[in-house]
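First comes the structure, then the notes that go with it.
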Number of protein chains: 2
Amino acid sequence: MGRRSIKESRQKEIIEAFYTIAKKEGLENASIAKTAALININPSLVIHYFKTREYLVYGLIEYILDQYLLIYKTPAAYKGDPHKKLLKVIDNIFSHKWNVLFDDSVAYSCYSLVFRDQKVKENYKVLLDTLRGNLRALIEECNQQGVLKVKDPAAVADTIFVMVDGAYYYLSLVSNKKEYKQKLAQYKGLALQQLNLVSPSSSGKSRQKH
Amino acid sequence: MGRRSIKESRQKEIIEAFYTIAKKEGLENASIAKTAALININPSLVIHYFKTREYLVYGLIEYILDQYLLIYKTPAAYKGDPHKKLLKVIDNIFSHKWNVLFDDSVAYSCYSLVFRDQKVKENYKVLLDTLRGNLRALIEECNQQGVLKVKDPAAVADTIFVMVDGAYYYLSLVSNKKEYKQKLAQYKGLALQQLNLVSPSSSGKSRQKH
DNA sequence: AAATTAATTGAACATTCATTCAATTAATTT
DNA sequence: AAATTAATTGAATGAATGTTCAATTAATTT
């Protein structure tokens, strides 16, 4: 009875508007008023759905963390072929897709909340462990199919993500496109090394056969 | 003639107060008023020395970036002994010292400005390249003394710092002290591997000799 | 002592902010 | 049509923000 609720879709809409503002002006300058103005609603409607700005930020973080899991999205055709899937995932991580999915400015601002909010910290921990766990499972599948021989899949998965996080930390500062591309390839090579796979670029550098 | 200027010392004092507030409440909540109150001065004095809050943040970033270089501070006795010095630097990086020098919450907030401020981005780039350059020089010294055999010192230095940055990204989420210590040792081991040195912990795990 | 220069204060300003509350509008059910 | 429920608005509030400006205080030199 009564009017039917559109809570969830409205919340998502607001979060995305908030994200848009945060991308443009920084999370610290993203306000409820600006968010409301962007989608032509009243600021009090934002409060109605989120109670406080704090909860809106929580919503944003949840939204962002969900995006991270999309790097495991691979073509349905790869089902049953963990090797192909693994390579695709590595591709996703070290490619344009990463930059499309995330705005690093907002990401680092959100991450900084980890240090003052236990709940945020836990959410991030769960995500990072999930990312590692998924990669580990993928490696183990490859091991079982005999296409990979990785001794400690969990440790390798961890190492790879350590490299990913560190890599983008540096890459965010590289403005030169050519240098960016080259560095990205280099870091991808490091990840593949961890899997005892050799990247095309690094093998080309030190070929000694013939 | 006239009153002698205390500009520099006053600016430093203000920056440190601003940093203190930022550590406690987050950079986005660190205001000029709070900063002034902390050291019992008038808010307009802060403006007098920094013109705008933006420049105060620039000052803070400069202050923070200078701190990073302190990880290369080693006992004077190590002079002429690059091997000892290298190990000490690695120690500094993967130890309590890191956490004493930096507040990661403020660090990530500052870093997020990189994406909206070209000047900040350049400053960070210079720092990160300096950190890598110093480590590379240290490795080369070790090579020349025959105590290390690293093929590509520049690449290895880069890789180590990629690992460092990625390592602390994850470690910031680890609340369990024991787990933290163990992970830190593990990441340190990865760094030493890059130098073709074996860490005590990692060698103990898979010892097969007799 | 007068002149000079910098340090410092205090009042005032406009702006933006998050949030509250009551009132209204729009669906949906009985 | 009446009742119910949620969506949405609009006005208002108080607090905090960064910044400006003129005035005052304190040191240092001539």
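Please note that chains go A, B, ... in the order of the structure tokens, that every chain numbers its residues from 1, and that ligands are numbered from 1 in the order shown.
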Interface list for chain A, partner chain C, 10 Å threshold, only C-alpha atoms (C1' of nucleotides), as a list in words
Met1, Gly2, Arg3, Arg4, Ser5, Ser31, Ile32, Ala33, Pro43, Ser44, Ile47, Lys51, Thr52 and Arg53 of chain A
Could you write out that same residue set with N, CA, C and O atoms as a PDB file, in the first residue's frame?
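Dumped to result_15.pdb:
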```pdb
ATOM      1  N   MET A   1       0.826  -1.214   0.000  1.00  0.00           N
ATOM      2  CA  MET A   1       0.000   0.000   0.000  1.00  0.00           C
ATOM      3  C   MET A   1       0.858   1.260   0.000  1.00  0.00           C
ATOM      4  O   MET A   1       2.008   1.231   0.393  1.00  0.00           O
ATOM      5  N   GLY A   2       0.246   2.375  -0.412  1.00  0.00           N
ATOM      6  CA  GLY A   2       1.010   3.613  -0.475  1.00  0.00           C
ATOM      7  C   GLY A   2       1.920   3.644  -1.691  1.00  0.00           C
ATOM      8  O   GLY A   2       1.994   2.691  -2.462  1.00  0.00           O
ATOM      9  N   ARG A   3       2.599   4.741  -1.857  1.00  0.00           N
ATOM     10  CA  ARG A   3       3.488   4.917  -3.003  1.00  0.00           C
ATOM     11  C   ARG A   3       4.656   3.923  -2.951  1.00  0.00           C
ATOM     12  O   ARG A   3       5.230   3.679  -1.914  1.00  0.00           O
ATOM     13  N   ARG A   4       5.048   3.387  -4.102  1.00  0.00           N
ATOM     14  CA  ARG A   4       6.139   2.404  -4.068  1.00  0.00           C
ATOM     15  C   ARG A   4       7.510   3.091  -4.030  1.00  0.00           C
ATOM     16  O   ARG A   4       7.718   4.141  -4.608  1.00  0.00           O
ATOM     17  N   SER A   5       8.372   2.478  -3.308  1.00  0.00           N
ATOM     18  CA  SER A   5       9.676   3.083  -3.021  1.00  0.00           C
ATOM     19  C   SER A   5      10.658   2.968  -4.191  1.00  0.00           C
ATOM     20  O   SER A   5      10.692   1.951  -4.887  1.00  0.00           O
ATOM     21  N   SER A  31      30.096  18.536  -2.237  1.00  0.00           N
ATOM     22  CA  SER A  31      29.096  18.823  -1.205  1.00  0.00           C
ATOM     23  C   SER A  31      27.725  18.278  -1.593  1.00  0.00           C
ATOM     24  O   SER A  31      27.468  17.938  -2.751  1.00  0.00           O
ATOM     25  N   ILE A  32      26.874  18.240  -0.622  1.00  0.00           N
ATOM     26  CA  ILE A  32      25.506  17.787  -0.847  1.00  0.00           C
ATOM     27  C   ILE A  32      24.779  18.731  -1.799  1.00  0.00           C
ATOM     28  O   ILE A  32      24.062  18.288  -2.701  1.00  0.00           O
ATOM     29  N   ALA A  33      24.995  20.009  -1.610  1.00  0.00           N
ATOM     30  CA  ALA A  33      24.326  21.005  -2.460  1.00  0.00           C
ATOM     31  C   ALA A  33      24.708  20.838  -3.931  1.00  0.00           C
ATOM     32  O   ALA A  33      23.841  20.829  -4.811  1.00  0.00           O
ATOM     33  N   PRO A  43      18.526  19.551  -1.969  1.00  0.00           N
ATOM     34  CA  PRO A  43      19.534  19.012  -1.051  1.00  0.00           C
ATOM     35  C   PRO A  43      18.936  18.167   0.074  1.00  0.00           C
ATOM     36  O   PRO A  43      19.545  17.184   0.515  1.00  0.00           O
ATOM     37  N   SER A  44      17.768  18.537   0.502  1.00  0.00           N
ATOM     38  CA  SER A  44      17.184  17.778   1.619  1.00  0.00           C
ATOM     39  C   SER A  44      16.785  16.368   1.192  1.00  0.00           C
ATOM     40  O   SER A  44      16.655  15.486   2.032  1.00  0.00           O
ATOM     41  N   ILE A  47      19.716  14.271   1.970  1.00  0.00           N
ATOM     42  CA  ILE A  47      19.723  13.959   3.404  1.00  0.00           C
ATOM     43  C   ILE A  47      18.662  12.908   3.726  1.00  0.00           C
ATOM     44  O   ILE A  47      18.884  12.007   4.530  1.00  0.00           O
ATOM     45  N   LYS A  51      20.761  10.505   5.292  1.00  0.00           N
ATOM     46  CA  LYS A  51      20.819  10.975   6.686  1.00  0.00           C
ATOM     47  C   LYS A  51      21.937  12.001   6.902  1.00  0.00           C
ATOM     48  O   LYS A  51      21.666  13.113   7.322  1.00  0.00           O
ATOM     49  N   THR A  52      23.182  11.637   6.643  1.00  0.00           N
ATOM     50  CA  THR A  52      24.275  12.604   6.775  1.00  0.00           C
ATOM     51  C   THR A  52      25.250  12.449   5.602  1.00  0.00           C
ATOM     52  O   THR A  52      25.213  11.450   4.891  1.00  0.00           O
ATOM     53  N   ARG A  53      26.113  13.425   5.458  1.00  0.00           N
ATOM     54  CA  ARG A  53      27.127  13.356   4.410  1.00  0.00           C
ATOM     55  C   ARG A  53      28.032  12.138   4.621  1.00  0.00           C
ATOM     56  O   ARG A  53      28.498  11.514   3.672  1.00  0.00           O
TER      57      ARG A  53
END
```
Skipping near chain neighbours, those fewer than 5 positions away, what residues fall within 7 Å of B:Gly166 using only C-alpha atoms (C1' of nucleotides), listed as an mmCIF file with N, CA and C atoms, in the first residue's frame?
```cif
data_model
loop_
_atom_site.group_PDB
_atom_site.id
_atom_site.type_symbol
_atom_site.label_atom_id
_atom_site.label_comp_id
_atom_site.auth_asym_id
_atom_site.auth_seq_id
_atom_site.Cartn_x
_atom_site.Cartn_y
_atom_site.Cartn_z
ATOM 1 N N VAL A 162 50.410 -6.337 -4.616
ATOM 2 C CA VAL A 162 51.328 -5.345 -4.048
ATOM 3 C C VAL A 162 51.968 -4.560 -5.186
ATOM 4 N N MET A 163 52.376 -5.286 -6.202
ATOM 5 C CA MET A 163 52.995 -4.624 -7.351
ATOM 6 C C MET A 163 52.003 -3.727 -8.089
ATOM 7 N N VAL A 164 50.785 -4.192 -8.219
ATOM 8 C CA VAL A 164 49.767 -3.394 -8.898
ATOM 9 C C VAL A 164 49.556 -2.064 -8.175
ATOM 10 N N ASP A 165 49.360 -2.156 -6.880
ATOM 11 C CA ASP A 165 49.099 -0.941 -6.108
ATOM 12 C C ASP A 165 50.288 0.012 -6.146
ATOM 13 N N GLY A 166 51.462 -0.557 -6.010
ATOM 14 C CA GLY A 166 52.667 0.267 -6.083
ATOM 15 C C GLY A 166 52.892 0.830 -7.466
#
```
Check every residue of chain B for an atom within 9 Å of chain A, counting only C-alpha atoms, and provide those that qualify as a PyMOL selection string.
chain B and resi 24-29+104-116+121-122+124-125+128+159+161-170+172-174+187+190
Spatial neighbours of A:Asp91, 12 Å, only C-alpha atoms (C1' of nucleotides), chain gap at least 2 places, as a PyMOL selection string:
chain A and resi 71-74+84-89+93-98+164+184-185+187-189+191-192+199
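Those residues of chain D that fall within 8 Å of chain B when using only C-alpha atoms (C1' of nucleotides) read DT17, DG18, DT19, DA26, DA27, DT28 and DT29 of chain D.
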Excluding B:Glu8 and residues on its chain fewer than 5 positions from it, collect all residues at most 12 Å away from it, counting only C-alpha atoms (C1' of nucleotides), and give them as a PyMOL selection string.
chain B and resi 13-15+49-50+59
Take the residues from that selection and write them out as a PDB file, in the first residue's frame, keeping N, CA, C and O atoms.
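Written output follows (out_14.pdb):
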```
ATOM      1  N   GLU B  13      56.597  26.540  11.968  1.00  0.00           N
ATOM      2  CA  GLU B  13      55.766  26.299  13.141  1.00  0.00           C
ATOM      3  C   GLU B  13      54.299  26.103  12.748  1.00  0.00           C
ATOM      4  O   GLU B  13      53.613  25.200  13.240  1.00  0.00           O
ATOM      5  N   ILE B  14      53.855  26.951  11.849  1.00  0.00           N
ATOM      6  CA  ILE B  14      52.465  26.883  11.401  1.00  0.00           C
ATOM      7  C   ILE B  14      52.198  25.588  10.632  1.00  0.00           C
ATOM      8  O   ILE B  14      51.187  24.917  10.837  1.00  0.00           O
ATOM      9  N   ILE B  15      53.124  25.240   9.769  1.00  0.00           N
ATOM     10  CA  ILE B  15      52.968  24.005   8.999  1.00  0.00           C
ATOM     11  C   ILE B  15      52.874  22.794   9.920  1.00  0.00           C
ATOM     12  O   ILE B  15      52.029  21.917   9.733  1.00  0.00           O
ATOM     13  N   TYR B  49      51.245  34.791   6.439  1.00  0.00           N
ATOM     14  CA  TYR B  49      52.438  34.047   6.038  1.00  0.00           C
ATOM     15  C   TYR B  49      52.219  33.124   4.835  1.00  0.00           C
ATOM     16  O   TYR B  49      53.164  32.725   4.184  1.00  0.00           O
ATOM     17  N   PHE B  50      50.953  32.771   4.588  1.00  0.00           N
ATOM     18  CA  PHE B  50      50.707  31.811   3.498  1.00  0.00           C
ATOM     19  C   PHE B  50      49.731  32.317   2.441  1.00  0.00           C
ATOM     20  O   PHE B  50      49.471  31.623   1.481  1.00  0.00           O
ATOM     21  N   GLY B  59      52.833  24.092   1.441  1.00  0.00           N
ATOM     22  CA  GLY B  59      53.883  24.060   2.463  1.00  0.00           C
ATOM     23  C   GLY B  59      53.925  22.722   3.164  1.00  0.00           C
ATOM     24  O   GLY B  59      54.997  22.160   3.407  1.00  0.00           O
TER      25      GLY B  59
END
```
When you draw a straight line from atom CA of B:Ala36 to atom CA of B:Ile21, how long is it in Å?
10.3 Å
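For the choices B:Val57, B:Ser9, B:Tyr68, B:Gln145, the atom-to-atom distance to B:Ala30 is smallest for B:Val57 when using only C-alpha atoms.
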